[in-house]
$ cat model-v1.cif   # mmCIF, C-alpha atoms and all ligand atoms
data_work
loop_
_atom_site.label_atom_id
_atom_site.label_comp_id
_atom_site.auth_asym_id
_atom_site.auth_seq_id
_atom_site.Cartn_x
_atom_site.Cartn_y
_atom_site.Cartn_z
CA MET A 994 215.60 103.43 178.92
CA VAL A 995 215.65 101.12 175.90
CA LEU A 996 213.94 102.61 172.86
CA LYS A 997 211.52 100.25 171.14
CA ILE A 998 211.59 100.70 167.37
CA ALA A 999 209.44 98.93 164.76
CA ILE A 1000 210.33 99.11 161.09
CA ILE A 1001 207.48 98.00 158.84
CA GLY A 1002 208.77 96.52 155.60
CA ALA A 1003 211.77 94.34 154.77
CA GLY A 1004 212.59 95.66 151.31
CA VAL A 1005 215.85 97.43 150.55
CA ASN A 1006 214.63 100.53 152.39
CA GLY A 1007 213.42 98.78 155.55
CA LEU A 1008 216.63 96.77 155.79
CA SER A 1009 218.87 99.79 155.18
CA CYS A 1010 217.09 101.57 158.04
CA GLY A 1011 217.35 98.43 160.17
CA VAL A 1012 221.12 98.17 159.74
CA GLN A 1013 221.86 101.87 160.23
CA LEU A 1014 219.66 102.17 163.33
CA ALA A 1015 220.92 98.92 164.84
CA LYS A 1016 224.55 99.99 164.36
CA TYR A 1017 223.88 103.41 165.84
CA TYR A 1018 221.76 102.46 168.87
CA LYS A 1019 223.42 99.10 169.66
CA ASN A 1020 221.96 97.89 173.00
CA LEU A 1021 220.15 101.19 173.63
CA ALA A 1022 217.28 100.17 171.37
CA GLU A 1023 215.28 97.06 170.52
CA ILE A 1024 214.66 97.09 166.79
CA THR A 1025 212.15 94.83 165.06
CA ILE A 1026 211.40 94.60 161.36
CA ILE A 1027 207.81 93.50 160.79
CA SER A 1028 207.00 92.55 157.22
CA GLU A 1029 204.47 90.73 155.12
CA VAL A 1030 207.22 89.42 152.81
CA PHE A 1031 211.00 89.15 152.98
CA SER A 1032 213.72 88.58 150.38
CA PRO A 1033 213.54 86.95 147.81
CA HIS A 1034 209.94 88.21 147.49
CA THR A 1035 210.35 92.00 147.82
CA THR A 1036 210.17 94.49 144.94
CA GLY A 1037 213.91 94.81 144.58
CA ASP A 1038 214.69 91.08 144.47
CA GLY A 1039 214.25 90.70 140.70
CA SER A 1040 215.87 94.01 139.83
CA ALA A 1041 219.48 94.44 138.75
CA GLY A 1042 220.08 97.05 141.45
CA LEU A 1043 221.78 99.54 139.16
CA TRP A 1044 222.88 102.82 140.73
CA GLY A 1045 221.24 105.58 138.65
CA PRO A 1046 218.35 107.97 139.42
CA TYR A 1047 215.28 106.88 137.39
CA LEU A 1048 211.46 107.17 137.66
CA ILE A 1049 211.53 109.12 140.91
CA GLY A 1050 208.64 111.55 140.36
CA SER A 1051 209.35 115.20 141.00
CA THR A 1052 211.61 114.58 143.99
CA LYS A 1053 213.94 117.59 144.31
CA SER A 1054 217.30 117.08 142.62
CA GLU A 1055 219.14 118.30 145.78
CA LYS A 1056 217.55 115.45 147.76
CA ILE A 1057 218.30 112.89 145.05
CA ILE A 1058 221.93 114.06 144.97
CA GLU A 1059 222.20 113.84 148.77
CA TRP A 1060 220.64 110.36 149.09
CA SER A 1061 222.24 108.84 145.99
CA LYS A 1062 225.72 110.15 146.84
CA ILE A 1063 225.57 108.55 150.30
CA THR A 1064 224.41 105.30 148.68
CA HIS A 1065 227.12 105.47 146.00
CA ASP A 1066 229.75 105.94 148.76
CA PHE A 1067 228.29 102.95 150.65
CA PHE A 1068 228.43 100.72 147.54
CA GLU A 1069 231.98 101.86 146.87
CA GLU A 1070 233.02 101.06 150.44
CA LEU A 1071 231.41 97.61 150.13
CA TRP A 1072 232.97 97.04 146.71
CA LEU A 1073 236.43 97.75 148.15
CA SER A 1074 235.82 95.41 151.10
CA ASP A 1075 236.03 91.63 151.51
CA ASP A 1076 232.21 91.56 151.42
CA SER A 1077 231.87 92.77 147.82
CA GLY A 1078 231.07 89.29 146.44
CA ILE A 1079 228.50 88.22 149.05
CA ALA A 1080 226.84 91.64 148.95
CA GLY A 1081 226.59 91.44 145.13
CA ILE A 1082 228.39 94.70 144.34
CA CYS A 1083 230.00 95.27 140.91
CA LEU A 1084 231.56 98.31 139.28
CA ILE A 1085 230.60 98.46 135.60
CA PRO A 1086 230.63 100.83 132.62
CA ALA A 1087 227.25 102.20 131.54
CA ILE A 1088 225.84 103.90 128.47
CA ARG A 1089 222.55 105.85 128.58
CA VAL A 1090 221.15 106.98 125.22
CA SER A 1091 218.09 108.85 124.05
CA SER A 1092 216.44 109.35 120.67
CA SER A 1093 214.53 112.41 121.87
CA ASN A 1094 215.72 115.97 121.42
CA ASP A 1095 212.80 117.46 123.37
CA ASP A 1096 214.56 117.39 126.73
CA ILE A 1097 218.22 117.31 127.60
CA MET A 1098 218.92 114.01 129.40
CA GLU A 1099 219.12 114.64 133.14
CA ASP A 1100 222.70 114.63 134.35
CA PHE A 1101 222.49 116.57 137.66
CA TRP A 1102 224.04 113.52 139.38
CA LYS A 1103 227.03 113.32 137.03
CA ASP A 1104 229.65 114.47 139.59
CA ILE A 1105 228.84 111.50 141.84
CA VAL A 1106 229.95 108.84 139.36
CA TYR A 1107 233.37 108.19 137.87
CA GLY A 1108 234.35 108.96 134.29
CA TRP A 1109 231.14 110.69 133.22
CA ARG A 1110 231.14 112.16 129.70
CA ARG A 1111 228.73 112.90 126.87
CA LEU A 1112 228.85 110.58 123.85
CA THR A 1113 230.24 112.19 120.70
CA LYS A 1114 228.20 112.65 117.51
CA TYR A 1115 230.28 109.91 115.90
CA GLU A 1116 229.55 107.47 118.76
CA LEU A 1117 225.83 108.26 118.63
CA GLU A 1118 225.75 107.65 114.86
CA LYS A 1119 227.63 104.39 115.25
CA LEU A 1120 225.30 103.16 118.03
CA SER A 1121 222.27 104.25 115.99
CA ASN A 1122 223.45 102.33 112.93
CA GLU A 1123 224.23 99.23 114.96
CA THR A 1124 220.88 99.16 116.72
CA GLY A 1125 218.51 100.61 114.11
CA ASN A 1126 217.76 103.65 116.28
CA LYS A 1127 218.28 107.41 115.91
CA PHE A 1128 220.07 108.40 119.08
CA VAL A 1129 220.63 112.13 119.39
CA GLN A 1130 222.15 112.29 122.86
CA GLY A 1131 223.87 109.97 125.27
CA MET A 1132 226.32 109.63 128.14
CA GLN A 1133 228.87 107.16 129.41
CA PHE A 1134 230.04 106.65 133.00
CA MET A 1135 231.04 104.03 135.56
CA THR A 1136 228.47 102.91 138.10
CA PHE A 1137 227.67 100.18 140.61
CA THR A 1138 225.17 97.36 140.62
CA ALA A 1139 224.11 96.13 144.05
CA GLU A 1140 221.93 93.17 143.15
CA PRO A 1141 219.22 92.96 145.80
CA ILE A 1142 218.98 89.16 145.69
CA LYS A 1143 222.43 89.23 147.36
CA LEU A 1144 222.39 92.62 149.07
CA LEU A 1145 219.18 91.96 151.03
CA PRO A 1146 220.33 88.68 152.69
CA TYR A 1147 223.66 90.42 153.41
CA LEU A 1148 221.94 93.36 155.15
CA THR A 1149 219.63 90.94 156.99
CA GLU A 1150 222.62 89.11 158.47
CA ILE A 1151 224.21 92.36 159.66
CA PHE A 1152 220.89 93.44 161.18
CA LYS A 1153 220.65 90.14 163.06
CA LYS A 1154 224.26 90.41 164.27
CA PHE A 1155 223.30 93.70 165.92
CA ASN A 1156 220.41 91.90 167.67
CA GLY A 1157 217.72 93.07 165.26
CA LYS A 1158 214.56 90.95 165.27
CA LEU A 1159 212.42 89.91 162.31
CA ILE A 1160 208.70 89.19 162.48
CA GLU A 1161 206.63 87.98 159.53
CA GLY A 1162 203.16 89.53 159.46
CA LYS A 1163 200.93 92.07 157.81
CA ILE A 1164 199.86 95.27 159.57
CA GLU A 1165 196.21 95.71 158.63
CA ASN A 1166 195.49 99.00 160.38
CA PHE A 1167 198.36 101.48 160.77
CA ASN A 1168 196.66 103.80 163.28
CA ASP A 1169 195.65 100.89 165.55
CA PHE A 1170 199.18 99.50 165.35
CA VAL A 1171 200.75 102.84 166.29
CA LYS A 1172 198.27 103.39 169.14
CA ASN A 1173 198.09 99.90 170.62
CA SER A 1174 201.58 98.48 170.17
CA ASN A 1175 204.33 99.21 172.69
CA TYR A 1176 206.76 100.69 170.13
CA ASP A 1177 208.04 104.24 170.77
CA VAL A 1178 209.10 104.69 167.16
CA ILE A 1179 207.47 103.30 164.00
CA ILE A 1180 209.28 103.57 160.68
CA ASN A 1181 207.08 103.03 157.65
CA CYS A 1182 209.04 101.45 154.77
CA THR A 1183 206.12 99.69 153.09
CA GLY A 1184 206.70 100.97 149.54
CA LEU A 1185 203.60 100.47 147.42
CA GLY A 1186 201.89 99.07 150.56
CA SER A 1187 201.54 102.67 151.80
CA LYS A 1188 198.80 103.20 149.24
CA THR A 1189 196.44 101.03 151.29
CA LEU A 1190 198.13 100.96 154.70
CA ILE A 1191 198.03 104.72 155.23
CA GLY A 1192 195.74 105.61 152.30
CA ASP A 1193 198.34 107.69 150.42
CA LYS A 1194 196.67 108.59 147.11
CA ASN A 1195 199.96 109.86 145.69
CA VAL A 1196 201.34 106.31 145.61
CA HIS A 1197 200.96 104.21 142.46
CA ALA A 1198 202.50 101.17 140.83
CA ILE A 1199 204.97 101.48 137.97
CA ARG A 1200 204.96 97.95 136.60
CA GLY A 1201 208.30 96.54 135.48
CA GLN A 1202 208.69 93.32 133.53
CA VAL A 1203 212.21 92.02 132.88
CA ALA A 1204 213.87 88.76 131.92
CA ARG A 1205 217.07 87.14 133.15
CA VAL A 1206 219.44 85.43 130.72
CA GLN A 1207 222.87 83.87 130.94
CA ALA A 1208 225.32 85.95 128.90
CA PRO A 1209 228.68 85.98 130.65
CA TRP A 1210 230.26 88.01 127.85
CA MET A 1211 228.17 91.10 128.73
CA TYR A 1212 230.34 93.51 130.69
CA TYR A 1213 228.56 96.80 130.23
CA THR A 1214 225.19 98.31 130.95
CA TYR A 1215 223.11 99.78 128.18
CA LEU A 1216 220.00 101.90 128.77
CA ASP A 1217 217.78 103.46 126.09
CA GLU A 1218 215.75 106.16 127.85
CA ALA A 1219 212.97 106.27 125.22
CA SER A 1220 209.53 105.28 126.51
CA ASN A 1221 209.79 102.18 124.32
CA GLY A 1222 213.52 101.72 124.93
CA ASN A 1223 215.25 98.58 126.18
CA TYR A 1224 217.98 98.02 128.73
CA ILE A 1225 220.64 95.43 129.50
CA ILE A 1226 222.27 95.23 132.95
CA PRO A 1227 224.77 92.49 133.86
CA ASN A 1228 224.80 91.08 137.38
CA THR A 1229 227.30 88.61 138.83
CA GLU A 1230 225.68 85.40 137.57
CA SER A 1231 223.09 86.54 135.03
CA VAL A 1232 222.04 89.54 132.97
CA VAL A 1233 218.82 91.48 133.38
CA ILE A 1234 217.21 92.52 130.12
CA GLY A 1235 214.26 94.86 130.10
CA GLY A 1236 211.99 96.34 130.42
CA THR A 1237 208.67 97.97 130.93
CA HIS A 1238 207.48 100.86 133.11
CA GLN A 1239 203.69 100.82 132.90
CA MET A 1240 202.02 103.44 135.10
CA GLU A 1241 199.17 102.32 137.38
CA ASP A 1242 199.44 98.74 136.13
CA TYR A 1243 199.10 96.23 138.97
CA ASN A 1244 199.45 93.02 136.95
CA THR A 1245 202.23 90.89 138.45
CA ILE A 1246 201.95 88.11 135.87
CA PRO A 1247 204.53 88.12 133.03
CA ASP A 1248 202.98 89.20 129.75
CA GLU A 1249 203.91 87.48 126.44
CA GLY A 1250 203.81 90.77 124.49
CA ASP A 1251 206.19 92.41 126.99
CA LYS A 1252 208.48 89.40 126.80
CA LYS A 1253 208.69 89.68 122.99
CA PHE A 1254 209.41 93.41 123.24
CA ILE A 1255 212.22 92.70 125.71
CA LEU A 1256 213.84 89.78 123.87
CA ASN A 1257 213.59 91.30 120.38
CA GLY A 1258 214.60 94.79 121.47
CA CYS A 1259 217.64 93.61 123.43
CA LYS A 1260 218.79 91.28 120.64
CA GLN A 1261 218.73 94.24 118.30
CA ILE A 1262 221.12 96.07 120.63
CA VAL A 1263 223.40 93.07 121.30
CA PRO A 1264 222.86 90.42 118.59
CA ALA A 1265 224.88 87.86 120.58
CA LEU A 1266 221.99 87.71 123.06
CA GLU A 1267 220.37 85.41 120.49
CA ASN A 1268 222.63 82.70 121.97
CA ALA A 1269 222.01 83.55 125.61
CA SER A 1270 220.15 80.92 127.64
CA PHE A 1271 216.85 82.23 128.91
CA LEU A 1272 216.45 81.87 132.69
CA PHE A 1273 213.12 83.42 133.73
CA ASP A 1274 210.67 86.32 133.40
CA TRP A 1275 210.02 88.54 136.38
CA VAL A 1276 207.55 91.30 137.20
CA GLY A 1277 207.79 93.85 140.01
CA LEU A 1278 205.69 96.87 140.92
CA ARG A 1279 207.88 99.90 141.57
CA PRO A 1280 206.50 102.04 144.42
CA GLY A 1281 205.90 105.22 142.41
CA ARG A 1282 204.93 108.48 144.11
CA THR A 1283 204.70 112.15 143.16
CA GLU A 1284 207.90 112.42 145.23
CA VAL A 1285 209.79 110.27 147.73
CA ARG A 1286 208.32 110.77 151.21
CA ILE A 1287 210.67 110.99 154.17
CA GLU A 1288 208.81 112.70 156.96
CA LYS A 1289 208.60 112.62 160.75
CA VAL A 1290 205.22 112.83 162.48
CA ILE A 1291 204.71 112.94 166.26
CA THR A 1292 201.43 111.53 167.56
CA ASP A 1293 199.36 113.07 170.36
CA ASP A 1294 200.72 110.51 172.81
CA GLY A 1295 204.33 111.28 171.86
CA LYS A 1296 205.12 108.36 169.58
CA ILE A 1297 207.36 109.02 166.60
CA ILE A 1298 206.42 107.90 163.10
CA ILE A 1299 208.90 108.29 160.27
CA HIS A 1300 207.70 107.61 156.73
CA ASN A 1301 210.24 106.41 154.15
CA TYR A 1302 208.53 105.25 150.96
CA GLY A 1303 207.75 106.10 147.33
CA HIS A 1304 211.21 105.42 145.87
CA GLY A 1305 209.90 104.51 142.38
CA GLY A 1306 212.60 103.13 140.09
CA SER A 1307 215.44 104.33 142.33
CA GLY A 1308 214.93 102.42 145.56
CA VAL A 1309 218.33 100.76 145.43
CA THR A 1310 220.07 103.94 144.21
CA ILE A 1311 218.99 106.02 147.21
CA CYS A 1312 218.33 103.41 149.95
CA TRP A 1313 221.37 104.11 152.12
CA GLY A 1314 221.02 107.89 151.92
CA CYS A 1315 217.33 107.68 152.80
CA ALA A 1316 218.13 105.48 155.81
CA THR A 1317 220.74 108.05 156.93
CA ASN A 1318 218.04 110.72 156.63
CA VAL A 1319 215.66 108.62 158.76
CA LEU A 1320 218.35 108.21 161.43
CA GLU A 1321 219.04 111.96 161.43
CA LEU A 1322 215.32 112.64 161.99
CA LEU A 1323 215.25 110.24 164.90
CA LYS A 1324 218.47 111.18 166.72
CA PRO A 1325 217.45 114.49 168.36
CA LYS A 1326 214.32 113.06 169.98
CA SER A 1327 216.04 110.00 171.37
CA ASN A 1328 218.81 112.21 172.85
CA LEU A 1329 221.53 109.67 172.08
C1 LIG A 1401 211.78 95.69 137.12
C2 LIG A 1401 212.37 96.59 138.16
C3 LIG A 1401 213.68 97.01 138.03
C4 LIG A 1401 214.23 97.88 138.96
N1 LIG A 1401 215.54 98.24 138.82
C5 LIG A 1401 216.09 99.10 139.71
C6 LIG A 1401 217.45 99.46 139.60
O1 LIG A 1401 218.19 98.98 138.72
N2 LIG A 1401 217.96 100.37 140.48
C7 LIG A 1401 217.18 100.92 141.47
O2 LIG A 1401 217.68 101.77 142.21
N3 LIG A 1401 215.89 100.55 141.62
C8 LIG A 1401 215.33 99.67 140.77
N4 LIG A 1401 214.01 99.29 140.90
C9 LIG A 1401 213.21 99.92 141.96
C10 LIG A 1401 213.45 99.26 143.30
O3 LIG A 1401 213.40 97.87 143.16
C11 LIG A 1401 212.39 99.75 144.30
O4 LIG A 1401 212.39 101.16 144.36
C12 LIG A 1401 212.72 99.23 145.69
O5 LIG A 1401 212.84 97.84 145.67
C13 LIG A 1401 211.65 99.66 146.70
O6 LIG A 1401 212.08 99.17 147.95
P1 LIG A 1401 211.20 99.39 149.26
O7 LIG A 1401 211.97 98.77 150.37
O8 LIG A 1401 210.84 100.84 149.39
O9 LIG A 1401 209.84 98.63 148.96
P2 LIG A 1401 209.56 97.06 148.81
O10 LIG A 1401 210.73 96.32 148.33
O11 LIG A 1401 208.31 96.98 148.00
O12 LIG A 1401 209.29 96.58 150.27
C14 LIG A 1401 208.12 96.90 150.95
C15 LIG A 1401 208.02 95.98 152.13
O13 LIG A 1401 206.91 96.38 152.93
C16 LIG A 1401 206.17 95.23 153.26
N5 LIG A 1401 204.78 95.65 153.50
C17 LIG A 1401 203.99 96.36 152.67
N6 LIG A 1401 202.79 96.56 153.26
C18 LIG A 1401 202.85 95.95 154.48
C19 LIG A 1401 201.94 95.80 155.55
N7 LIG A 1401 200.70 96.33 155.50
N8 LIG A 1401 202.33 95.12 156.65
C20 LIG A 1401 203.57 94.56 156.74
N9 LIG A 1401 204.47 94.68 155.74
C21 LIG A 1401 204.12 95.37 154.63
C22 LIG A 1401 206.33 94.31 152.07
O14 LIG A 1401 206.02 92.98 152.45
C23 LIG A 1401 207.80 94.53 151.74
O15 LIG A 1401 208.62 93.72 152.53
C24 LIG A 1401 213.45 98.37 140.03
C25 LIG A 1401 212.15 97.91 140.19
C26 LIG A 1401 211.60 97.03 139.28
C27 LIG A 1401 210.20 96.55 139.48
#
$ encode --input "model-v1.cif" --output "structure tokens" --more "lines below"
Ligand SMILES: Cc1cc2nc3c(=O)[nH]c(=O)nc-3n(C[C@H](O)[C@H](O)[C@H](O)COP(=O)(O)OP(=O)(O)OC[C@H]3O[C@@H](n4cnc5c(N)ncnc54)[C@H](O)[C@@H]3O)c2cc1C
Amino acid sequence: MVLKIAIIGAGVNGLSCGVQLAKYYKNLAEITIISEVFSPHTTGDGSAGLWGPYLIGSTKSEKIIEWSKITHDFFEELWLSDDSGIAGICLIPAIRVSSSNDDIMEDFWKDIVYGWRRLTKYELEKLSNETGNKFVQGMQFMTFTAEPIKLLPYLTEIFKKFNGKLIEGKIENFNDFVKNSNYDVIINCTGLGSKTLIGDKNVHAIRGQVARVQAPWMYYTYLDEASNGNYIIPNTESVVIGGTHQMEDYNTIPDEGDKKFILNGCKQIVPALENASFLFDWVGLRPGRTEVRIEKVITDDGKIIIHNYGHGGSGVTICWGCATNVLELLKPKSNL
């Protein structure tokens, strides 16, 4: 019997599930991704795709470690392969700083990355003087960027090579779709869409405005964790400078005030950005949730639903691990 699987959503999470399931089931399943939008119009497409847990609600640290480690390993494998360039994977140094002493910066993931260390008092003072801040803690490590504008088309091609099908369309009523379609398995990767599609009140937007500039001399990532902090993340052909994280803000139009905050703040950190050519502004709505939801539900008529949404500001960081988790939930029932 051929298993009929529908994945709803073609963002980084839907595509990661698509590739892992298609590789696992091969010709034993027919897998279709149904989505309202595809790359380059998904939430991740404007992001820098930096590996690093961030804005992920109160998801348990054990789960974040599990999912992000699997994803880090996947990026590393890609980075070492011939596909690194087309998949948009880079290995880069990163600095994360904070001017708050209230909480110790979270570092539970530190053993996953290479070369992690705390910044010294001298380094913090130097960075503070250079940027006009008062940093009291910070860390340095190596990490990956997997820029979705390249990663998503790359994953799409692999999915298609394994006979995966793509359908453009919006599911208006989830229960009707589950009941009336002929799919045995439905995987819900609709991100923020789950707020309306399945009425999940724990889902909310975390608005992110960024800008892209051309600054080929930038070779390291800089993140200020303060609520009004800025960040700079180089990708292969441009640099993302940011950024905002406004809770429950659904405005997808770039705001002039946010743009000023981004440009001025980032120039203060790296004055040479004054000479960078401005490319464009971009706004995305991160699919925030109280915690990431990966859960299997079996309907009365024996269909399997697996939810995989609510990845907040870490959707790229944990995508591959979450897809592995989805596959693990599916395997026993399908007896393959
Ligand atoms: C400014 C910004 C910067 C970011 N930077 C990073 C970063 O550096 N690192 C990182 O890890 N993460 C980052 N993120 C977060 C990351 O982009 C998201 O967590 C991730 O893209 C979410 O992916 P997703 O596949 O779950 O959802 P989405 O990409 O939102 O995809 C959801 C899909 O479901 C489809 N859909 C929704 N409803 C329906 C429906 N009813 N019927 C059919 N289809 C439907 C949509 O069309 C879409 O294709 C950033 C986000 C923003 C906004």
$ residues_around --input "model-v1.cif" --residues "stretch 1034-1042 of chain A" --least-positions-apart "4" --cutoff "7 Å" --atoms "only C-alpha atoms" --output "PDB file with C-alpha atoms, keeping the file's coordinate frame"
ATOM      1  CA  GLY A1004     212.590  95.660 151.310  1.00  0.00           C
ATOM      2  CA  VAL A1005     215.850  97.430 150.550  1.00  0.00           C
ATOM      3  CA  VAL A1030     207.220  89.420 152.810  1.00  0.00           C
ATOM      4  CA  THR A1138     225.170  97.360 140.620  1.00  0.00           C
ATOM      5  CA  ALA A1139     224.110  96.130 144.050  1.00  0.00           C
ATOM      6  CA  GLU A1140     221.930  93.170 143.150  1.00  0.00           C
ATOM      7  CA  PRO A1141     219.220  92.960 145.800  1.00  0.00           C
ATOM      8  CA  ILE A1142     218.980  89.160 145.690  1.00  0.00           C
ATOM      9  CA  ILE A1226     222.270  95.230 132.950  1.00  0.00           C
ATOM     10  CA  ASN A1228     224.800  91.080 137.380  1.00  0.00           C
ATOM     11  CA  VAL A1233     218.820  91.480 133.380  1.00  0.00           C
ATOM     12  CA  TRP A1275     210.020  88.540 136.380  1.00  0.00           C
ATOM     13  CA  GLY A1277     207.790  93.850 140.010  1.00  0.00           C
ATOM     14  CA  LEU A1278     205.690  96.870 140.920  1.00  0.00           C
ATOM     15  CA  ARG A1279     207.880  99.900 141.570  1.00  0.00           C
ATOM     16  CA  VAL A1309     218.330 100.760 145.430  1.00  0.00           C
TER      17      VAL A1309
END
$ residues_near_ligand --input "model-v1.cif" --ligand "ligand LIG 1401 (chain A)" --cutoff "6 Å" --atoms "all atoms listed in the file" --output "number ranges by chain"
A: 1001-1007, 1027-1031, 1035-1037, 1040-1044, 1162-1165, 1182-1186, 1190, 1201-1203, 1277-1280, 1302, 1304-1310
$ residues_around --input "model-v1.cif" --residues "A:Pro1209" --least-positions-apart "2" --cutoff "8 Å" --atoms "all atoms listed in the file" --output "list in words"
Gln1207, Met1211, Tyr1212, Glu1230, Ser1231 and Val1232 of chain A
$ residues_around --input "model-v1.cif" --residues "A:Ser1054" --least-positions-apart "5" --cutoff "9 Å" --atoms "all atoms listed in the file" --output "PyMOL selection string"
chain A and resi 1059+1101-1102
$ write_last_selection --input "model-v1.cif" --atoms "C-alpha atoms" --output "short mmCIF file (atom, residue, chain, number, x, y, z; two decimals), in the coordinates of the input"
data_model
loop_
_atom_site.label_atom_id
_atom_site.label_comp_id
_atom_site.auth_asym_id
_atom_site.auth_seq_id
_atom_site.Cartn_x
_atom_site.Cartn_y
_atom_site.Cartn_z
CA GLU A 1059 222.20 113.84 148.77
CA PHE A 1101 222.49 116.57 137.66
CA TRP A 1102 224.04 113.52 139.38
#
$ residues_around --input "model-v1.cif" --residues "stretch 1009-1016 of chain A" --least-positions-apart "5" --cutoff "7 Å" --atoms "all atoms listed in the file" --output "VMD selection string"
chain A and resid 1024 1148 1151 to 1152 1155 1157 1312 to 1313 1316 1320
$ residues_around --input "model-v1.cif" --residues "A:Gly1258" --least-positions-apart "6" --cutoff "10 Å" --atoms "only C-alpha atoms" --output "VMD selection string"
chain A and resid 1124 1221 to 1224 1234 to 1236 1252 1264
$ atom_distance --input "model-v1.cif" --atom1 "atom CA of A:Val1285" --atom2 "atom CA of A:Ala1080"
25.3 Å
$ closest_residue --input "model-v1.cif" --among "A:Gln1261, A:Asn1168, A:Ser1077, A:Ser1270" --to "A:Ser1121" --atoms "all atoms listed in the file"
A:Gln1261
$ atom_distance --input "model-v1.cif" --atom1 "atom CA of A:Glu1288" --atom2 "atom CA of A:Leu1322"
8.2 Å
$ build_atoms --input "model-v1.cif" --residues "stretch 1000-1005 of chain A" --atoms "all heavy atoms" --output "compact mmCIF listing (two decimals), keeping the file's coordinate frame"
# COMPACT_ATOMS: atom_id res chain seq x y z
N ILE A 1000 210.22 98.70 162.50
CA ILE A 1000 210.33 99.11 161.09
C ILE A 1000 209.34 98.23 160.34
O ILE A 1000 209.42 97.00 160.44
CB ILE A 1000 211.76 98.90 160.56
CG1 ILE A 1000 212.74 99.78 161.34
CG2 ILE A 1000 211.83 99.18 159.06
CD1 ILE A 1000 214.20 99.47 161.07
N ILE A 1001 208.42 98.83 159.62
CA ILE A 1001 207.48 98.00 158.84
C ILE A 1001 208.00 97.94 157.41
O ILE A 1001 208.16 98.97 156.75
CB ILE A 1001 206.05 98.56 158.87
CG1 ILE A 1001 205.65 98.96 160.29
CG2 ILE A 1001 205.06 97.52 158.34
CD1 ILE A 1001 204.27 99.59 160.37
N GLY A 1002 208.27 96.71 156.96
CA GLY A 1002 208.77 96.52 155.60
C GLY A 1002 210.19 96.02 155.59
O GLY A 1002 211.06 96.59 156.26
N ALA A 1003 210.43 94.94 154.84
CA ALA A 1003 211.77 94.34 154.77
C ALA A 1003 212.35 94.40 153.37
O ALA A 1003 213.11 93.54 152.95
CB ALA A 1003 211.71 92.89 155.25
N GLY A 1004 211.96 95.44 152.60
CA GLY A 1004 212.59 95.66 151.31
C GLY A 1004 213.94 96.34 151.52
O GLY A 1004 214.43 96.44 152.66
N VAL A 1005 214.52 96.83 150.45
CA VAL A 1005 215.85 97.43 150.55
C VAL A 1005 215.83 98.66 151.47
O VAL A 1005 216.82 98.94 152.16
CB VAL A 1005 216.41 97.75 149.13
CG1 VAL A 1005 215.69 98.92 148.47
CG2 VAL A 1005 217.91 97.98 149.17
